[in-house]
>>> print(open('final_35.txt').read())   # compact mmCIF, C-alpha atoms and all ligand atoms
# COMPACT_ATOMS: atom_id res chain seq x y z
CA MET R 1 -55.24 69.78 26.62
CA LYS R 2 -54.95 70.31 30.40
CA LYS R 3 -55.92 66.67 30.96
CA THR R 4 -52.99 65.41 28.88
CA ILE R 5 -50.51 67.49 30.83
CA ILE R 6 -51.82 66.10 34.11
CA ALA R 7 -51.65 62.58 32.70
CA ALA R 8 -48.09 63.12 31.52
CA ASN R 9 -47.10 64.42 34.96
CA LEU R 10 -48.67 61.40 36.58
CA ILE R 11 -46.69 59.06 34.35
CA LEU R 12 -43.51 60.93 35.16
CA ILE R 13 -44.20 60.65 38.89
CA LEU R 14 -44.94 56.96 38.55
CA LEU R 15 -41.77 56.45 36.58
CA LEU R 16 -39.69 58.18 39.24
CA ALA R 17 -41.34 56.18 42.01
CA GLY R 18 -40.86 53.00 40.01
CA CYS R 19 -37.19 53.79 39.51
CA GLY R 20 -36.71 54.21 43.24
CA ASN R 21 -38.26 50.83 43.87
CA ILE R 22 -35.99 48.98 41.45
CA HIS R 23 -32.87 49.94 43.43
CA SER R 24 -32.99 49.85 47.17
CA HIS R 25 -29.56 50.70 48.54
CA SER R 26 -27.61 47.98 50.26
CA TRP R 27 -25.47 49.97 52.68
CA LEU R 28 -21.94 48.93 53.58
CA GLU R 29 -20.93 49.93 57.10
CA ALA R 30 -18.91 53.10 57.54
CA ASN R 31 -15.19 52.70 58.25
CA PHE R 32 -12.47 55.11 59.36
CA GLN R 33 -11.89 56.34 55.81
CA GLU R 34 -15.38 56.23 54.23
CA PRO R 35 -19.01 56.89 55.23
CA MET R 36 -21.77 54.29 54.70
CA ARG R 37 -21.77 53.46 50.99
CA CYS R 38 -24.02 51.59 48.56
CA PRO R 39 -21.70 49.47 46.40
CA GLU R 40 -24.28 49.35 43.55
CA CYS R 41 -24.73 53.06 42.93
CA GLY R 42 -21.90 54.57 44.97
CA GLU R 43 -24.21 56.80 47.03
CA THR R 44 -22.90 57.64 50.51
CA LEU R 45 -24.61 58.44 53.77
CA GLY R 46 -23.25 60.18 56.86
CA ASP R 47 -19.58 60.50 57.76
CA PRO R 48 -16.59 58.16 58.20
CA LEU R 49 -16.02 56.88 61.74
CA GLU R 50 -14.10 59.37 63.84
CA ALA R 51 -10.48 58.42 64.49
CA ASP R 52 -9.51 57.74 68.12
CA PHE R 53 -6.73 60.32 68.01
CA SER R 54 -9.18 63.05 67.06
CA VAL R 55 -11.83 61.89 69.58
CA ARG R 56 -9.15 61.88 72.32
CA LYS R 57 -7.47 65.06 71.07
CA ILE R 58 -4.04 63.44 70.81
CA SER R 59 -1.70 65.39 68.59
CA ALA R 60 0.61 63.57 66.12
CA ASP R 61 1.76 66.54 64.09
CA LEU R 62 5.54 66.24 64.22
CA LYS R 63 7.18 66.77 60.81
CA GLU R 64 10.24 65.09 59.35
CA ASN R 65 13.53 66.97 59.93
CA GLU R 66 11.92 69.49 62.29
CA PRO R 67 13.69 69.17 65.67
CA ALA R 68 11.42 69.53 68.70
CA GLU R 69 12.14 70.05 72.40
CA PHE R 70 11.66 66.84 74.33
CA HIS R 71 10.88 67.12 78.04
CA THR R 72 11.63 64.08 80.15
CA VAL R 73 13.49 63.13 83.35
CA THR R 74 17.02 62.11 84.30
CA GLY R 75 18.09 58.52 84.91
CA GLU R 76 18.29 58.18 88.71
CA GLU R 77 17.08 61.31 90.42
CA LYS R 78 14.22 61.92 87.97
CA LEU R 79 15.07 65.59 87.59
CA ASP R 80 13.70 67.54 84.63
CA THR R 81 15.82 67.43 81.52
CA THR R 82 15.18 68.74 78.01
CA GLY R 83 16.61 67.19 74.89
CA VAL R 84 16.00 67.47 71.16
CA PHE R 85 13.90 64.93 69.26
CA THR R 86 13.94 64.70 65.46
CA ILE R 87 12.40 62.42 62.86
CA THR R 88 15.52 62.17 60.72
CA GLY R 89 14.20 59.89 58.00
CA SER R 90 10.97 58.40 56.66
CA GLU R 91 11.18 56.24 53.56
CA VAL R 92 8.75 53.93 51.80
CA LEU R 93 9.79 50.95 49.71
CA THR R 94 8.08 48.01 48.04
CA GLU R 95 11.03 45.70 48.48
CA ASP R 96 14.80 45.57 48.69
CA ALA R 97 17.52 43.06 49.55
CA SER R 98 16.39 42.73 53.18
CA HIS R 99 12.65 43.46 52.83
CA LYS R 100 10.55 40.98 50.87
CA LYS R 101 7.69 42.22 48.72
CA LYS R 102 4.21 41.54 50.06
CA ASN R 103 1.18 42.19 47.86
CA GLY R 104 -1.00 45.01 49.14
CA TYR R 105 1.64 46.14 51.64
CA GLU R 106 4.68 48.42 51.64
CA TRP R 107 7.70 48.87 53.92
CA HIS R 108 8.37 52.00 55.93
CA ILE R 109 11.72 52.79 57.52
CA ILE R 110 11.44 55.57 60.11
CA ARG R 111 14.53 56.97 61.80
CA MET R 112 14.42 59.17 64.86
CA SER R 113 17.07 60.68 67.08
CA LEU R 114 17.22 61.98 70.63
CA SER R 115 20.01 64.26 71.85
CA PHE R 116 20.73 65.52 75.35
CA SER R 117 23.32 68.02 76.51
CA ASP R 118 21.84 69.97 79.44
CA GLU R 119 23.47 69.90 82.86
CA ASN R 120 20.98 67.54 84.52
CA SER R 121 21.33 64.93 81.77
CA VAL R 122 25.13 65.17 81.72
CA ASN R 123 25.19 64.61 85.51
CA ASP R 124 22.52 61.97 85.82
CA GLY R 125 21.76 60.55 82.37
CA PHE R 126 18.29 60.64 80.80
CA ASP R 127 15.30 58.38 80.56
CA TYR R 128 12.78 58.13 77.72
CA ASN R 129 10.04 55.88 76.40
CA TYR R 130 9.35 55.31 72.74
CA LEU R 131 6.04 54.08 71.50
CA ILE R 132 3.88 53.04 68.57
CA SER R 133 0.11 53.41 68.26
CA ASP R 134 -2.64 53.71 65.67
CA PHE R 135 -4.32 57.00 64.81
CA TYR R 136 -7.69 55.39 63.99
CA ASP R 137 -8.10 52.51 66.44
CA ILE R 138 -5.92 52.60 69.55
CA GLU R 139 -7.45 49.58 71.29
CA GLY R 140 -7.84 47.44 68.16
CA PHE R 141 -4.19 47.99 67.33
CA MET R 142 -3.02 47.05 70.81
CA HIS R 143 -5.21 43.96 71.05
CA SER R 144 -3.94 42.62 67.73
CA PHE R 145 -0.28 43.32 68.54
CA VAL R 146 1.62 40.06 69.12
CA TYR R 147 5.18 38.75 68.80
CA ASP R 148 5.63 36.29 65.94
CA ARG R 149 8.41 33.89 66.82
CA ALA R 150 8.85 32.59 63.26
CA LEU R 151 9.12 36.08 61.76
CA GLY R 152 11.14 37.44 64.67
CA CYS R 153 9.08 40.63 64.88
CA ASN R 154 5.72 41.89 66.12
CA THR R 155 2.63 41.60 63.93
CA PHE R 156 -0.64 43.50 64.11
CA THR R 157 -3.86 44.23 62.22
CA VAL R 158 -5.17 47.54 60.92
CA ASN R 159 -8.30 48.34 58.95
CA TRP R 160 -7.92 50.44 55.79
CA TYR R 161 -11.03 51.34 53.75
CA GLY R 162 -13.05 48.66 55.49
CA LYS R 163 -10.59 45.83 54.93
CA ASP R 164 -8.53 44.17 57.66
CA TYR R 165 -4.80 43.84 57.02
CA PRO R 166 -3.61 41.21 59.52
CA GLU R 167 -0.05 40.88 58.23
CA CYS R 168 1.38 44.22 59.34
CA ARG R 169 4.78 43.99 60.99
CA GLU R 170 6.83 46.06 63.41
CA SER R 171 10.37 45.91 64.69
CA SER R 172 12.70 48.53 66.10
CA SER R 173 16.36 48.85 66.92
CA ILE R 174 18.24 51.32 69.09
CA SER R 175 21.76 52.58 68.84
CA ARG R 176 22.87 54.29 72.03
CA GLY R 177 25.77 56.63 71.49
CA GLU R 178 28.39 57.67 74.04
CA TRP R 179 28.75 61.03 75.76
CA GLU R 180 30.90 63.11 73.47
CA LYS R 181 32.52 66.47 73.92
CA SER R 182 30.40 69.21 72.43
CA GLY R 183 31.38 72.87 72.84
CA ASP R 184 32.00 73.47 76.56
CA GLY R 185 30.03 70.42 77.60
CA PHE R 186 28.91 66.96 76.55
CA LYS R 187 26.26 65.54 74.31
CA LYS R 188 24.75 62.10 73.85
CA THR R 189 22.56 60.93 70.98
CA VAL R 190 20.30 57.89 70.77
CA GLU R 191 19.02 56.70 67.39
CA ILE R 192 15.92 54.55 67.00
CA THR R 193 14.96 52.89 63.72
CA TRP R 194 11.51 51.44 63.07
CA THR R 195 10.82 48.94 60.32
CA LEU R 196 7.12 48.66 59.53
CA LEU R 197 5.12 46.67 57.00
CA LEU R 198 1.81 48.49 56.38
CA PRO R 199 -1.05 48.42 53.86
CA GLU R 200 -0.23 50.44 50.74
CA GLY R 201 -1.05 54.08 51.37
CA TYR R 202 -1.90 53.53 55.04
CA ASP R 203 -1.59 56.73 57.08
CA GLY R 204 -2.60 55.58 60.56
CA ILE R 205 0.55 54.40 62.35
CA VAL R 206 1.96 56.83 64.91
CA VAL R 207 5.46 56.57 66.40
CA GLY R 208 7.29 58.80 68.83
CA VAL R 209 8.51 59.37 72.35
CA ARG R 210 7.04 60.32 75.68
CA SER R 211 8.48 61.64 78.91
CA SER R 212 9.46 58.97 81.43
CA GLY R 213 8.20 61.35 84.11
CA ILE R 214 4.52 60.52 83.60
CA ASP R 215 2.79 57.91 85.67
CA THR R 216 1.43 55.07 83.54
CA GLU R 217 0.86 52.56 86.31
CA GLY R 218 -2.25 50.48 85.72
CA LYS R 219 -2.90 52.28 82.44
CA HIS R 220 -2.86 50.47 79.11
CA TYR R 221 -3.89 52.90 76.42
CA ILE R 222 -2.15 56.07 75.33
CA TYR R 223 -5.31 58.15 75.90
CA GLU R 224 -5.28 57.17 79.59
CA TYR R 225 -1.94 58.89 80.24
CA TYR R 226 -1.58 61.34 77.36
CA GLU R 227 -0.36 64.84 78.21
CA PRO R 228 0.31 67.20 75.29
CA ASP R 229 3.63 68.50 76.68
CA ALA R 230 5.00 65.04 77.44
CA PHE R 231 4.60 63.48 73.98
CA LEU R 232 6.17 63.99 70.55
CA LEU R 233 4.36 61.94 67.93
CA TYR R 234 4.79 61.44 64.19
CA ARG R 235 2.09 60.07 61.90
CA VAL R 236 3.68 57.72 59.36
CA GLY R 237 2.47 58.55 55.84
CA GLY R 238 0.24 61.26 57.29
CA SER R 239 2.01 64.26 55.76
CA LYS R 240 1.56 63.10 52.14
ZN ZN V 301 -27.54 52.35 45.89
>>> encode(input="final_35.txt", output="structure tokens")
Amino acid sequence: MKKTIIAANLILILLLAGCGNIHSHSWLEANFQEPMRCPECGETLGDPLEADFSVRKISADLKENEPAEFHTVTGEEKLDTTGVFTITGSEVLTEDASHKKKNGYEWHIIRMSLSFSDENSVNDGFDYNYLISDFYDIEGFMHSFVYDRALGCNTFTVNWYGKDYPECRESSSISRGEWEKSGDGFKKTVEITWTLLLPEGYDGIVVGVRSSGIDTEGKHYIYEYYEPDAFLLYRVGGSK
């Protein structure tokens, strides 16, 4: 009786070992959204790649319609001035009259506004820089970024779930208001509109402003000159 049990156990062990031999995982590399994965059985190993913004501790947590204080400098004398920065709109569309449908991609229209009314800005104007980057791959984004003469906008590549999307697009327009009477003083508002073509569901593009008071000379990448108090950044699609 005992012998049969041992024999049965042996068979079971052999079967298990045999099963393991039939399927040896063929691992796909990890990407920014997924860990290493075997496409045959779906098993995963390890973690996704860590996004540059989290490695570099760059914050992109601005929310739509939540005004934030923006610290920058005045136009000529470079005195401190504080304005208000707001993401006033963030919409996603597949296509419309002026945006052609592209399979696998979607359009994002992001609107942001900057208002100044403090004494230094009224006397000397204000300076600001606006910027775009990628939450996952700061350098890859910048290296792929190029002006496309035929399209009349910038194009770039991002990677989403392991696949490169080389047909992303970016353009922006600015409307600079005039100084207008506001209460006892004056106020000026600048509106910036971004038009972006991104992979469907992509949550990596970051737009925003930074103080013109920081020194960026000889520096290329946002992490080389990032200072938490000098930046206000919004992650497109990141709050969904
Ligand atoms: Zn497998």
>>> residues_near_ligand(input="final_35.txt", ligand="ligand ZN 301 (chain V)", cutoff="12 Å", atoms="all atoms listed in the file", output="ChimeraX atom specification")
/R:19-28,36-45
>>> closest_residue(input="final_35.txt", among="R:Val206, R:Asp61, R:Thr155, R:Thr195", to="His99 (chain R)", atoms="all atoms listed in the file")
R:Thr195
>>> atom_distance(input="final_35.txt", atom1="CA of Phe135 (chain R)", atom2="CA of Ile109 (chain R)")
18.1 Å
>>> residues_around(input="final_35.txt", residues="region 228-236 of chain R", least_positions_apart="6", cutoff="8 Å", atoms="all atoms listed in the file", output="PyMOL selection string")
chain R and resi 58-63+68+70-72+85+87+90+135+203-211+214
>>> atom_distance(input="final_35.txt", atom1="CA of Ser117 (chain R)", atom2="CA of Phe186 (chain R)")
5.7 Å
>>> residues_around(input="final_35.txt", residues="Gly140 (chain R)", least_positions_apart="4", cutoff="9 Å", atoms="only C-alpha atoms", output="ChimeraX atom specification")
/R:134,136,144-145,157-158
>>> atom_distance(input="final_35.txt", atom1="CA of Glu95 (chain R)", atom2="CA of Ser113 (chain R)")
24.6 Å
>>> residues_around(input="final_35.txt", residues="region 146-149 of chain R", least_positions_apart="2", cutoff="12 Å", atoms="only C-alpha atoms", output="number ranges by chain")
R: 141-144, 151-157, 166-171
>>> decode(input="final_35.txt", residues="region 97-207 of chain R", atoms="C-alpha atoms", output="mmCIF file, in the first residue's frame")
data_model
loop_
_atom_site.group_PDB
_atom_site.id
_atom_site.type_symbol
_atom_site.label_atom_id
_atom_site.label_comp_id
_atom_site.auth_asym_id
_atom_site.auth_seq_id
_atom_site.Cartn_x
_atom_site.Cartn_y
_atom_site.Cartn_z
ATOM 1 C CA ALA R 97 -13.209 70.111 -37.999
ATOM 2 C CA SER R 98 -9.603 71.222 -37.453
ATOM 3 C CA HIS R 99 -8.090 68.035 -35.984
ATOM 4 C CA LYS R 100 -7.889 64.987 -38.221
ATOM 5 C CA LYS R 101 -8.425 61.537 -36.755
ATOM 6 C CA LYS R 102 -5.312 59.394 -36.414
ATOM 7 C CA ASN R 103 -5.644 55.724 -35.482
ATOM 8 C CA GLY R 104 -4.197 54.928 -32.069
ATOM 9 C CA TYR R 105 -3.898 58.608 -31.155
ATOM 10 C CA GLU R 106 -6.118 61.293 -29.644
ATOM 11 C CA TRP R 107 -6.011 65.098 -29.498
ATOM 12 C CA HIS R 108 -5.577 67.072 -26.297
ATOM 13 C CA ILE R 109 -6.292 70.782 -26.023
ATOM 14 C CA ILE R 110 -4.803 72.284 -22.855
ATOM 15 C CA ARG R 111 -5.459 75.893 -21.907
ATOM 16 C CA MET R 112 -3.522 77.743 -19.253
ATOM 17 C CA SER R 113 -3.553 81.312 -18.025
ATOM 18 C CA LEU R 114 -1.117 83.573 -16.210
ATOM 19 C CA SER R 115 -2.236 86.748 -14.432
ATOM 20 C CA PHE R 116 -0.135 89.443 -12.798
ATOM 21 C CA SER R 117 -1.244 92.448 -10.776
ATOM 22 C CA ASP R 118 1.381 93.080 -8.080
ATOM 23 C CA GLU R 119 3.282 96.359 -7.927
ATOM 24 C CA ASN R 120 6.564 95.060 -9.364
ATOM 25 C CA SER R 121 4.859 93.545 -12.411
ATOM 26 C CA VAL R 122 2.740 96.641 -13.029
ATOM 27 C CA ASN R 123 5.897 98.803 -12.943
ATOM 28 C CA ASP R 124 8.274 96.561 -14.827
ATOM 29 C CA GLY R 125 6.276 93.843 -16.609
ATOM 30 C CA PHE R 126 6.840 90.129 -16.019
ATOM 31 C CA ASP R 127 8.836 87.345 -17.561
ATOM 32 C CA TYR R 128 7.962 83.646 -17.713
ATOM 33 C CA ASN R 129 8.959 80.456 -19.491
ATOM 34 C CA TYR R 130 6.529 77.751 -20.497
ATOM 35 C CA LEU R 131 7.618 74.234 -21.156
ATOM 36 C CA ILE R 132 6.696 70.704 -22.164
ATOM 37 C CA SER R 133 8.353 67.489 -21.018
ATOM 38 C CA ASP R 134 7.658 63.791 -20.561
ATOM 39 C CA PHE R 135 6.988 62.217 -17.173
ATOM 40 C CA TYR R 136 8.543 58.856 -18.105
ATOM 41 C CA ASP R 137 11.496 59.659 -20.359
ATOM 42 C CA ILE R 138 12.818 63.224 -20.235
ATOM 43 C CA GLU R 139 15.829 62.691 -22.494
ATOM 44 C CA GLY R 140 14.094 60.400 -24.997
ATOM 45 C CA PHE R 141 11.334 62.955 -25.417
ATOM 46 C CA MET R 142 13.760 65.810 -26.000
ATOM 47 C CA HIS R 143 15.936 63.882 -28.431
ATOM 48 C CA SER R 144 12.943 62.905 -30.563
ATOM 49 C CA PHE R 145 11.456 66.425 -30.573
ATOM 50 C CA VAL R 146 11.781 68.018 -34.027
ATOM 51 C CA TYR R 147 9.979 70.624 -36.132
ATOM 52 C CA ASP R 148 8.089 69.145 -39.078
ATOM 53 C CA ARG R 149 7.953 71.698 -41.856
ATOM 54 C CA ALA R 150 5.208 69.909 -43.801
ATOM 55 C CA LEU R 151 2.932 69.587 -40.768
ATOM 56 C CA GLY R 152 3.827 73.020 -39.420
ATOM 57 C CA CYS R 153 4.253 71.737 -35.865
ATOM 58 C CA ASN R 154 6.699 69.815 -33.691
ATOM 59 C CA THR R 155 6.665 66.022 -33.650
ATOM 60 C CA PHE R 156 8.043 63.615 -31.072
ATOM 61 C CA THR R 157 8.043 59.977 -29.969
ATOM 62 C CA VAL R 158 6.819 58.462 -26.725
ATOM 63 C CA ASN R 159 6.688 54.853 -25.584
ATOM 64 C CA TRP R 160 3.390 53.550 -24.192
ATOM 65 C CA TYR R 161 3.168 49.930 -22.974
ATOM 66 C CA GLY R 162 6.358 49.030 -24.806
ATOM 67 C CA LYS R 163 5.344 50.470 -28.163
ATOM 68 C CA ASP R 164 6.887 53.558 -29.755
ATOM 69 C CA TYR R 165 4.470 56.207 -31.012
ATOM 70 C CA PRO R 166 6.542 58.375 -33.384
ATOM 71 C CA GLU R 167 3.701 60.517 -34.710
ATOM 72 C CA CYS R 168 2.940 62.614 -31.640
ATOM 73 C CA ARG R 169 2.524 66.315 -32.337
ATOM 74 C CA GLU R 170 2.827 69.552 -30.397
ATOM 75 C CA SER R 171 2.014 73.157 -31.118
ATOM 76 C CA SER R 172 1.209 76.092 -28.883
ATOM 77 C CA SER R 173 -0.170 79.583 -29.250
ATOM 78 C CA ILE R 174 -0.079 82.578 -26.931
ATOM 79 C CA SER R 175 -2.491 85.422 -26.546
ATOM 80 C CA ARG R 176 -0.969 88.296 -24.617
ATOM 81 C CA GLY R 177 -3.561 90.568 -23.101
ATOM 82 C CA GLU R 178 -3.182 94.255 -22.264
ATOM 83 C CA TRP R 179 -2.886 95.826 -18.829
ATOM 84 C CA GLU R 180 -6.423 96.460 -17.694
ATOM 85 C CA LYS R 181 -7.815 98.349 -14.753
ATOM 86 C CA SER R 182 -8.608 96.007 -11.901
ATOM 87 C CA GLY R 183 -9.768 97.368 -8.536
ATOM 88 C CA ASP R 184 -7.273 100.046 -7.469
ATOM 89 C CA GLY R 185 -4.580 98.764 -9.787
ATOM 90 C CA PHE R 186 -3.908 96.942 -13.031
ATOM 91 C CA LYS R 187 -3.919 93.376 -14.186
ATOM 92 C CA LYS R 188 -2.575 91.565 -17.229
ATOM 93 C CA THR R 189 -3.407 88.042 -18.351
ATOM 94 C CA VAL R 190 -1.565 85.806 -20.801
ATOM 95 C CA GLU R 191 -3.284 82.726 -22.227
ATOM 96 C CA ILE R 192 -1.379 79.779 -23.663
ATOM 97 C CA THR R 193 -3.066 76.972 -25.597
ATOM 98 C CA TRP R 194 -1.370 73.660 -26.329
ATOM 99 C CA THR R 195 -2.543 71.300 -29.041
ATOM 100 C CA LEU R 196 -1.137 67.800 -28.621
ATOM 101 C CA LEU R 197 -1.575 64.548 -30.514
ATOM 102 C CA LEU R 198 -0.797 61.659 -28.135
ATOM 103 C CA PRO R 199 -1.285 57.878 -27.990
ATOM 104 C CA GLU R 200 -4.766 56.954 -26.759
ATOM 105 C CA GLY R 201 -4.781 56.967 -22.979
ATOM 106 C CA TYR R 202 -1.234 58.316 -22.688
ATOM 107 C CA ASP R 203 -0.612 60.017 -19.342
ATOM 108 C CA GLY R 204 3.033 61.076 -19.634
ATOM 109 C CA ILE R 205 3.107 64.560 -21.167
ATOM 110 C CA VAL R 206 3.765 67.392 -18.719
ATOM 111 C CA VAL R 207 3.174 71.075 -19.497
#
